[in-house]
$ cat target-v1.txt   # compact mmCIF, C-alpha atoms (C1' of nucleotides)
# COMPACT_ATOMS: atom_id res chain seq x y z
CA LEU A 27 -32.44 -50.51 151.70
CA ALA A 28 -34.58 -47.67 150.39
CA LEU A 29 -34.82 -49.50 147.09
CA GLY A 30 -35.81 -52.74 148.80
CA ASN A 31 -38.46 -50.95 150.83
CA THR A 32 -39.88 -49.47 147.65
CA LEU A 33 -40.15 -52.96 146.22
CA VAL A 34 -42.03 -54.26 149.25
CA ASP A 35 -44.29 -51.25 149.02
CA MET A 36 -44.97 -51.85 145.36
CA TYR A 37 -46.06 -55.44 145.95
CA ALA A 38 -48.17 -54.40 148.92
CA LYS A 39 -49.91 -51.72 146.89
CA CYS A 40 -50.70 -54.28 144.20
CA ASP A 41 -52.31 -56.49 146.84
CA MET A 42 -49.60 -59.10 146.33
CA MET A 43 -48.94 -59.72 149.97
CA SER A 44 -47.08 -62.99 149.66
CA ALA A 45 -44.66 -61.40 147.22
CA ALA A 46 -44.39 -58.40 149.52
CA HIS A 47 -43.60 -60.62 152.46
CA GLU A 48 -40.99 -62.48 150.48
CA ALA A 49 -39.31 -59.26 149.41
CA PHE A 50 -39.46 -58.14 153.01
CA ASP A 51 -37.75 -61.30 154.24
CA ARG A 52 -35.04 -60.95 151.66
CA LEU A 53 -34.03 -57.48 152.82
CA PRO A 54 -30.58 -57.41 154.41
CA CYS A 55 -32.13 -55.77 157.44
CA GLN A 56 -35.55 -54.38 158.20
CA ASP A 57 -35.87 -50.80 159.31
CA ILE A 58 -38.95 -48.95 160.47
CA VAL A 59 -40.00 -48.10 156.92
CA SER A 60 -39.83 -51.76 155.88
CA TRP A 61 -42.19 -52.68 158.67
CA ASN A 62 -44.48 -49.78 157.93
CA VAL A 63 -44.99 -50.64 154.28
CA LEU A 64 -45.61 -54.27 155.18
CA LEU A 65 -48.22 -53.27 157.75
CA ALA A 66 -49.84 -50.87 155.30
CA GLY A 67 -50.33 -53.74 152.88
CA TYR A 68 -52.13 -55.81 155.47
CA ALA A 69 -54.17 -52.81 156.57
CA ASP A 70 -55.60 -52.39 153.09
CA GLN A 71 -56.43 -56.07 152.94
CA CYS A 72 -58.28 -55.85 156.25
CA HIS A 73 -56.11 -58.47 157.88
CA LEU A 74 -56.26 -57.17 161.40
CA LYS A 75 -54.92 -60.30 163.05
CA LYS A 76 -51.96 -60.32 160.74
CA ILE A 77 -51.27 -56.68 161.49
CA LEU A 78 -51.35 -57.10 165.23
CA GLN A 79 -49.11 -60.12 164.89
CA GLU A 80 -46.56 -58.25 162.77
CA PHE A 81 -46.87 -55.24 165.05
CA LYS A 82 -45.76 -57.41 167.96
CA ARG A 83 -43.09 -59.10 165.91
CA MET A 84 -41.45 -55.82 164.92
CA GLN A 85 -41.21 -54.82 168.55
CA SER A 86 -39.72 -58.14 169.53
CA ARG A 87 -37.07 -57.48 166.88
CA GLY A 88 -36.23 -54.24 168.58
CA VAL A 89 -37.90 -51.85 166.15
CA SER A 90 -40.19 -49.46 167.94
CA PRO A 91 -43.30 -48.18 166.18
CA ASP A 92 -43.35 -44.57 165.01
CA ASP A 93 -46.17 -42.20 164.11
CA VAL A 94 -46.60 -43.76 160.66
CA THR A 95 -46.91 -47.22 162.19
CA TYR A 96 -49.68 -46.08 164.47
CA THR A 97 -51.59 -44.30 161.71
CA THR A 98 -51.47 -47.48 159.67
CA CYS A 99 -52.65 -49.65 162.54
CA LEU A 100 -55.48 -47.24 163.28
CA ARG A 101 -56.57 -47.41 159.66
CA ALA A 102 -56.67 -51.19 159.93
CA CYS A 103 -58.81 -51.04 163.06
CA CYS A 104 -61.05 -48.53 161.36
CA ASN A 105 -61.50 -50.72 158.27
CA VAL A 106 -62.71 -53.72 160.24
CA GLU A 107 -64.45 -51.81 163.03
CA ALA A 108 -62.18 -53.18 165.70
CA VAL A 109 -63.12 -50.84 168.52
CA THR A 110 -61.20 -52.48 171.35
CA GLU A 111 -58.00 -52.78 169.35
CA GLY A 112 -58.37 -49.19 168.19
CA GLN A 113 -58.70 -48.00 171.75
CA GLY A 114 -55.60 -49.99 172.65
CA MET A 115 -53.66 -48.24 169.90
CA HIS A 116 -55.02 -44.94 171.08
CA SER A 117 -53.70 -45.33 174.59
CA GLU A 118 -50.26 -46.29 173.29
CA ILE A 119 -50.30 -43.21 171.08
CA GLU A 120 -51.03 -40.94 174.01
CA LYS A 121 -48.35 -42.60 176.13
CA LYS A 122 -45.72 -42.14 173.46
CA GLY A 123 -46.67 -38.56 172.71
CA PHE A 124 -47.72 -39.06 169.09
CA PHE A 125 -51.14 -37.52 169.55
CA ASP A 126 -50.09 -34.03 168.50
CA ILE A 127 -48.96 -35.19 165.09
CA GLY A 128 -51.52 -34.19 162.46
CA PHE A 129 -51.70 -37.46 160.55
CA VAL A 130 -52.08 -39.49 163.71
CA SER A 131 -54.76 -37.36 165.30
CA SER A 132 -56.90 -37.03 162.20
CA MET A 133 -56.83 -40.79 161.72
CA LEU A 134 -57.72 -41.21 165.38
CA VAL A 135 -60.62 -38.76 165.25
CA ASP A 136 -61.77 -40.32 161.98
CA MET A 137 -61.72 -43.77 163.54
CA TYR A 138 -63.87 -42.76 166.49
CA ALA A 139 -66.19 -40.84 164.20
CA LYS A 140 -66.62 -43.86 161.93
CA PHE A 141 -67.35 -46.00 164.96
CA GLY A 142 -70.11 -43.52 165.80
CA LEU A 143 -68.30 -42.54 169.01
CA LEU A 144 -68.66 -38.85 168.31
CA MET A 145 -68.26 -37.66 171.87
CA GLU A 146 -64.80 -39.18 171.94
CA ALA A 147 -64.05 -37.79 168.49
CA GLN A 148 -65.12 -34.31 169.55
CA TYR A 149 -63.18 -34.55 172.81
CA LEU A 150 -59.98 -35.44 170.98
CA PHE A 151 -60.59 -32.76 168.41
CA ASP A 152 -61.05 -30.15 171.13
CA LYS A 153 -57.88 -31.01 172.94
CA HIS A 154 -55.77 -31.03 169.80
CA PRO A 155 -53.52 -27.97 169.53
CA ILE A 156 -53.83 -27.56 165.77
CA HIS A 157 -57.08 -27.81 163.84
CA ASP A 158 -56.02 -28.30 160.28
CA LEU A 159 -58.38 -28.79 157.35
CA CYS A 160 -58.24 -32.56 157.47
CA LEU A 161 -59.06 -32.69 161.16
CA TRP A 162 -62.09 -30.50 160.54
CA ASN A 163 -63.13 -32.68 157.63
CA VAL A 164 -63.11 -35.95 159.54
CA LEU A 165 -65.19 -34.39 162.30
CA ILE A 166 -67.68 -32.90 159.85
CA ALA A 167 -67.85 -36.22 158.00
CA GLY A 168 -68.51 -38.03 161.26
CA TYR A 169 -71.45 -35.84 162.18
CA THR A 170 -72.88 -35.98 158.70
CA GLU A 171 -72.69 -39.76 158.51
CA HIS A 172 -74.35 -40.21 161.88
CA GLU A 173 -77.52 -38.20 161.54
CA GLN A 174 -76.10 -35.13 163.22
CA SER A 175 -75.96 -32.82 160.27
CA GLU A 176 -76.82 -29.76 162.37
CA ARG A 177 -73.58 -30.26 164.21
CA ALA A 178 -71.78 -30.68 160.92
CA PHE A 179 -73.03 -27.24 159.93
CA GLU A 180 -71.95 -25.77 163.26
CA CYS A 181 -68.48 -27.17 162.65
CA LEU A 182 -68.41 -25.75 159.16
CA LYS A 183 -69.28 -22.32 160.52
CA GLN A 184 -66.67 -22.51 163.27
CA MET A 185 -64.08 -23.71 160.84
CA GLN A 186 -64.68 -20.79 158.51
CA SER A 187 -64.66 -18.33 161.40
CA LYS A 188 -61.22 -19.64 162.29
CA GLY A 189 -60.06 -18.78 158.80
CA VAL A 190 -59.84 -22.32 157.46
CA SER A 191 -61.48 -22.44 154.07
CA PRO A 192 -63.38 -25.52 152.92
CA ASP A 193 -61.98 -27.78 150.24
CA VAL A 194 -63.78 -30.28 148.02
CA THR A 195 -64.10 -32.84 150.79
CA THR A 196 -65.64 -30.30 153.15
CA LEU A 197 -68.09 -29.29 150.45
CA PHE A 198 -69.04 -32.93 149.75
CA TYR A 199 -70.05 -33.47 153.32
CA SER A 200 -71.75 -30.12 153.62
CA LEU A 201 -73.89 -30.94 150.60
CA LYS A 202 -74.66 -34.31 152.06
CA ALA A 203 -75.71 -32.63 155.29
CA CYS A 204 -78.02 -30.33 153.31
CA GLY A 205 -79.55 -33.39 151.71
CA SER A 206 -80.28 -35.21 154.92
CA LEU A 207 -81.77 -32.09 156.51
CA GLY A 208 -83.62 -31.00 153.41
CA ALA A 209 -81.84 -27.68 153.82
CA THR A 210 -82.57 -26.32 150.38
CA ASP A 211 -81.45 -22.74 151.01
CA LYS A 212 -78.14 -23.72 152.48
CA GLY A 213 -77.67 -26.13 149.62
CA ALA A 214 -78.29 -23.39 147.09
CA ASP A 215 -75.79 -21.15 148.90
CA LEU A 216 -73.17 -23.85 148.74
CA HIS A 217 -74.00 -24.38 145.09
CA MET A 218 -73.27 -20.73 144.41
CA GLU A 219 -70.01 -20.92 146.31
CA ILE A 220 -69.01 -24.01 144.36
CA THR A 221 -69.88 -22.37 141.06
CA LYS A 222 -67.92 -19.27 142.01
CA LYS A 223 -64.85 -21.36 142.69
CA GLY A 224 -65.26 -23.07 139.33
CA LEU A 225 -65.35 -26.49 140.98
CA VAL A 226 -68.12 -27.93 138.82
CA GLU A 227 -65.85 -27.80 135.79
CA LYS A 228 -62.90 -29.10 137.73
CA ASP A 229 -64.48 -32.00 139.53
CA ILE A 230 -67.31 -34.14 138.20
CA VAL A 231 -67.85 -35.68 141.61
CA ILE A 232 -68.92 -32.38 143.12
CA GLY A 233 -71.44 -31.92 140.32
CA ASN A 234 -72.83 -35.38 140.99
CA THR A 235 -73.04 -34.60 144.67
CA LEU A 236 -75.05 -31.49 143.85
CA ILE A 237 -77.52 -33.60 141.87
CA GLY A 238 -77.81 -35.89 144.87
CA MET A 239 -78.33 -32.96 147.21
CA TYR A 240 -81.23 -31.61 145.14
CA VAL A 241 -82.78 -35.06 144.96
CA LYS A 242 -82.62 -35.52 148.72
CA CYS A 243 -84.24 -32.12 149.09
CA GLY A 244 -87.04 -33.37 146.87
CA LEU A 245 -86.27 -30.98 144.03
CA LEU A 246 -86.22 -33.13 140.94
CA ALA A 247 -86.38 -30.20 138.53
CA ALA A 248 -83.34 -28.60 140.14
CA ALA A 249 -81.53 -31.93 140.11
CA HIS A 250 -82.27 -32.36 136.44
CA LYS A 251 -81.13 -28.85 135.67
CA MET A 252 -77.89 -29.54 137.49
CA PHE A 253 -77.47 -32.66 135.41
CA ASP A 254 -78.07 -30.68 132.23
CA ILE A 255 -75.49 -28.02 132.97
CA LEU A 256 -72.67 -30.42 133.84
CA PRO A 257 -69.75 -29.88 131.49
CA PHE A 258 -69.58 -33.65 131.02
CA ARG A 259 -71.21 -36.66 132.61
CA ASP A 260 -69.93 -39.90 133.99
CA ILE A 261 -71.80 -42.96 135.24
CA GLY A 262 -72.13 -41.34 138.67
CA SER A 263 -74.06 -38.43 137.14
CA TRP A 264 -76.51 -40.80 135.49
CA ASN A 265 -76.85 -42.92 138.60
CA ALA A 266 -77.64 -39.83 140.65
CA LEU A 267 -80.33 -38.82 138.18
CA ILE A 268 -81.79 -42.33 138.05
CA ALA A 269 -81.89 -42.36 141.84
CA GLY A 270 -83.77 -39.08 141.71
CA TYR A 271 -86.40 -40.32 139.31
CA ASP A 272 -86.78 -43.50 141.30
CA GLU A 273 -87.37 -41.65 144.51
CA LEU A 274 -89.35 -38.66 143.34
CA LYS A 275 -91.45 -40.03 140.50
CA ASP A 276 -93.88 -42.87 141.07
CA ASN A 277 -94.25 -43.66 137.40
CA GLU A 278 -91.91 -45.43 135.04
CA ASP A 279 -89.93 -42.37 133.92
CA VAL A 280 -86.93 -43.73 135.75
CA PHE A 281 -86.63 -46.45 133.13
CA LEU A 282 -86.79 -43.86 130.38
CA VAL A 283 -83.81 -42.12 131.93
CA PHE A 284 -81.96 -45.42 131.79
CA ASP A 285 -82.92 -45.88 128.14
CA ARG A 286 -81.73 -42.39 127.35
CA MET A 287 -78.47 -43.15 129.08
CA LEU A 288 -77.94 -46.23 126.93
CA GLY A 289 -78.89 -44.17 123.88
CA GLU A 290 -76.06 -41.79 124.69
CA GLY A 291 -73.60 -44.63 124.86
CA MET A 292 -73.01 -44.68 128.62
CA ILE A 293 -72.28 -48.14 130.01
CA PRO A 294 -74.19 -48.99 133.21
CA ASP A 295 -72.33 -50.25 136.25
CA ALA A 296 -73.24 -52.39 139.26
CA VAL A 297 -74.79 -49.43 141.07
CA THR A 298 -77.01 -48.63 138.09
CA PHE A 299 -78.51 -52.10 138.31
CA ILE A 300 -79.07 -51.87 142.04
CA LEU A 301 -80.98 -48.67 141.36
CA LEU A 302 -83.01 -50.23 138.56
CA LEU A 303 -83.80 -53.38 140.52
CA ASN A 304 -84.85 -51.28 143.50
CA ALA A 305 -87.02 -49.18 141.22
CA CYS A 306 -88.70 -52.34 139.91
CA SER A 307 -89.11 -53.62 143.42
CA ARG A 308 -90.89 -50.50 144.59
CA ARG A 309 -93.19 -50.59 141.62
CA GLY A 310 -93.82 -54.32 141.78
CA LEU A 311 -92.43 -54.97 138.29
CA LEU A 312 -91.20 -58.53 138.42
CA GLU A 313 -90.89 -59.06 134.67
CA ARG A 314 -88.82 -55.99 134.13
CA ALA A 315 -86.58 -56.80 137.07
CA SER A 316 -85.87 -60.24 135.67
CA GLU A 317 -84.94 -58.68 132.36
CA TYR A 318 -82.52 -56.28 133.99
CA PHE A 319 -81.08 -59.00 136.15
CA GLU A 320 -80.38 -61.11 133.12
CA ALA A 321 -79.04 -58.28 130.98
CA MET A 322 -76.70 -57.27 133.75
CA SER A 323 -74.41 -60.26 133.48
CA LYS A 324 -75.23 -61.22 129.91
CA ASP A 325 -74.81 -57.87 128.19
CA TYR A 326 -72.56 -56.02 130.58
CA GLY A 327 -70.55 -58.69 132.32
CA ILE A 328 -71.51 -57.50 135.78
CA GLU A 329 -71.74 -60.35 138.25
CA PRO A 330 -74.67 -59.94 140.64
CA THR A 331 -73.66 -59.26 144.22
CA ALA A 332 -75.59 -59.78 147.44
CA GLU A 333 -77.10 -56.33 146.96
CA HIS A 334 -78.58 -57.27 143.62
CA HIS A 335 -80.02 -60.45 145.06
CA ASN A 336 -81.47 -58.48 147.95
CA CYS A 337 -83.43 -56.32 145.54
CA LEU A 338 -84.83 -59.39 143.81
CA VAL A 339 -85.71 -61.17 147.02
CA ASP A 340 -87.41 -58.04 148.25
CA LEU A 341 -89.44 -57.82 145.06
CA LEU A 342 -90.41 -61.49 145.10
CA GLY A 343 -91.58 -61.14 148.67
CA ARG A 344 -93.54 -58.06 147.74
CA VAL A 345 -95.45 -59.66 144.90
CA GLY A 346 -96.24 -62.66 147.06
CA HIS A 347 -93.80 -65.21 145.74
CA LEU A 348 -92.20 -66.15 149.01
CA GLY A 349 -91.39 -69.59 147.70
CA LYS A 350 -89.41 -68.17 144.83
CA ALA A 351 -87.74 -65.75 147.19
CA MET A 352 -86.55 -68.68 149.28
CA THR A 353 -85.25 -70.45 146.20
CA ASN A 354 -83.36 -67.36 145.20
CA ILE A 355 -81.80 -67.13 148.64
CA THR A 356 -80.80 -70.74 148.86
CA GLU A 357 -79.30 -70.64 145.39
CA LEU A 358 -76.89 -67.91 146.39
CA PRO A 359 -73.26 -68.95 146.20
CA CYS A 360 -72.94 -68.10 149.85
CA PHE A 361 -75.68 -67.05 152.18
CA SER A 362 -73.62 -65.22 154.71
CA ASP A 363 -76.09 -62.39 154.75
C1' U B 21 -38.47 -45.08 150.26
C1' U B 22 -43.84 -45.71 154.02
C1' C B 23 -49.18 -42.92 156.76
C1' G B 24 -54.77 -39.35 157.32
C1' U B 25 -60.53 -36.90 155.34
C1' U B 26 -63.43 -37.55 149.17
C1' U B 27 -69.44 -38.53 144.99
C1' U B 28 -73.46 -41.77 142.69
C1' C B 29 -77.63 -47.32 145.27
C1' U B 30 -78.36 -49.30 150.49
C1' A B 31 -84.67 -50.92 151.35
C1' G B 32 -89.04 -52.37 154.02
C1' A B 33 -92.17 -52.19 158.41
C1' C B 34 -93.65 -49.39 162.77
$ encode --input "target-v1.txt" --output "structure tokens"
Amino acid sequence: LALGNTLVDMYAKCDMMSAAHEAFDRLPCQDIVSWNVLLAGYADQCHLKKILQEFKRMQSRGVSPDDVTYTTCLRACCNVEAVTEGQGMHSEIEKKGFFDIGFVSSMLVDMYAKFGLLMEAQYLFDKHPIHDLCLWNVLIAGYTEHEQSERAFECLKQMQSKGVSPDVTTLFYSLKACGSLGATDKGADLHMEITKKGLVEKDIVIGNTLIGMYVKCGLLAAAHKMFDILPFRDIGSWNALIAGYDELKDNEDVFLVFDRMLGEGMIPDAVTFILLLNACSRRGLLERASEYFEAMSKDYGIEPTAEHHNCLVDLLGRVGHLGKAMTNITELPCFSD
RNA sequence: UUCGUUUUCUAGAC
């Protein structure tokens, strides 16, 4: 049975849900793990209805949900912002006494935080007996992502005073909080701490986040210096720098950064083109935008998404071509947004 | 055998 469960899990993780379901049906009997891996597959695919349906079905077959089941269902609710369903799961969790389990509670707090229901998130955090690193992180992330970075800092302080030391995730959000508050000094402190721990060498993402932090603080020179001292650079590093030049320089230097990037053999991604198109939009450069838009799919095989079209429509509107903007909108494969 | 937090873009107007 363990082997069969692994098979279902493998299909589910490859997003092959029909194969997963088939493998599931072929099992001699379905235990709690079988159901859990099936549900996890649907959770990742954002099929909430399907999940709730299977969740009911497992119970009607006499299998009662465990802590893993609830964490999975919460993740599904979180993914599709299903507040009511999430609250329903929450009350079942409390009734069955699963709340104290670390995985369950951090998912629960994370869900409420992502919904922007931070009072509820904080309340649950406070009443939880054990504040592990992950529970702190979801709370800090919640405050940071909802314009309450001061509170994020308070949490960070409290966390450290309780002897829990920040990990990479904590530092990501702390840097983000510095950015949105323009807290340059705090940012520089964190930078030192990160350097001391040798994390810049270990994790490119943290270096990229530092670039972003300096940009948000309006310090382009510092951002550029950070970029220069990175041990190596990925597309995220370049994108962060391009974003910085876009935001902090009114001239066309941002395009020079892009050219330099190409010169160094880095391949742009979808985000790069959103940045470039936005940069053109702000500067009213219709010609250049059209060139980038064309090059994107032609030279790099990146299919334009709604975001890319948004940039173009915005630009067309800005330079007074509302008619063309309309044409662009109506020509979209789908105009759901 | 199954579960939790992880960077880079996300405007404009007021």
$ residues_around --input "target-v1.txt" --residues "Ala46 in chain A" --least-positions-apart "5" --cutoff "9 Å" --atoms "only C-alpha atoms (C1' of nucleotides)" --output "ChimeraX atom specification"
/A:33-38,41,51,64,67
$ atom_distance --input "target-v1.txt" --atom1 "CA of Val164 in chain A" --atom2 "CA of Asp136 in chain A"
5.2 Å
$ atom_distance --input "target-v1.txt" --atom1 "CA of Lys202 in chain A" --atom2 "CA of Asp340 in chain A"
27.2 Å
$ interface_residues --input "target-v1.txt" --of "chain A" --to "chain B" --cutoff "6 Å" --atoms "only C-alpha atoms (C1' of nucleotides)" --output "mmCIF file with C-alpha atoms, in the coordinates of the input"
data_model
loop_
_atom_site.group_PDB
_atom_site.id
_atom_site.type_symbol
_atom_site.label_atom_id
_atom_site.label_comp_id
_atom_site.auth_asym_id
_atom_site.auth_seq_id
_atom_site.Cartn_x
_atom_site.Cartn_y
_atom_site.Cartn_z
ATOM 1 C CA ALA A 28 -34.580 -47.670 150.390
ATOM 2 C CA ASN A 31 -38.460 -50.950 150.830
ATOM 3 C CA THR A 32 -39.880 -49.470 147.650
ATOM 4 C CA VAL A 59 -40.000 -48.100 156.920
ATOM 5 C CA ASN A 62 -44.480 -49.780 157.930
ATOM 6 C CA VAL A 63 -44.990 -50.640 154.280
ATOM 7 C CA VAL A 94 -46.600 -43.760 160.660
ATOM 8 C CA THR A 97 -51.590 -44.300 161.710
ATOM 9 C CA THR A 98 -51.470 -47.480 159.670
ATOM 10 C CA PHE A 129 -51.700 -37.460 160.550
ATOM 11 C CA SER A 132 -56.900 -37.030 162.200
ATOM 12 C CA MET A 133 -56.830 -40.790 161.720
ATOM 13 C CA CYS A 160 -58.240 -32.560 157.470
ATOM 14 C CA ASN A 163 -63.130 -32.680 157.630
ATOM 15 C CA VAL A 164 -63.110 -35.950 159.540
ATOM 16 C CA THR A 195 -64.100 -32.840 150.790
ATOM 17 C CA VAL A 231 -67.850 -35.680 141.610
ATOM 18 C CA THR A 235 -73.040 -34.600 144.670
ATOM 19 C CA GLY A 262 -72.130 -41.340 138.670
ATOM 20 C CA ASN A 265 -76.850 -42.920 138.600
ATOM 21 C CA ALA A 266 -77.640 -39.830 140.650
ATOM 22 C CA VAL A 297 -74.790 -49.430 141.070
ATOM 23 C CA ILE A 300 -79.070 -51.870 142.040
ATOM 24 C CA LEU A 301 -80.980 -48.670 141.360
#
$ residues_around --input "target-v1.txt" --residues "Ile58 in chain A" --least-positions-apart "3" --cutoff "8 Å" --atoms "all atoms listed in the file" --output "list in words"
Trp61, Asn62, Val89, Ser90, Pro91 and Asp92 of chain A
$ atom_distance --input "target-v1.txt" --atom1 "CA of Phe125 in chain A" --atom2 "CA of His47 in chain A"
29.7 Å
$ axis_aligned_box --input "target-v1.txt" --around "range 326-344 of chain A" --padding-each-side "5 Å" --output "JSON"
{"center_x": -82.0, "center_y": -58.8, "center_z": 139.6, "size_x": 33.0, "size_y": 15.5, "size_z": 28.1}
$ residues_around --input "target-v1.txt" --residues "range 190-192 of chain A" --least-positions-apart "5" --cutoff "7 Å" --atoms "only C-alpha atoms (C1' of nucleotides)" --output "list in words"
Leu159, Met185 and Leu197 of chain A
$ residues_near_point --input "target-v1.txt" --point "(-79.1, -30.4, 137.0)" --cutoff "12 Å" --atoms "only C-alpha atoms (C1' of nucleotides)" --output "count of residues only"
31
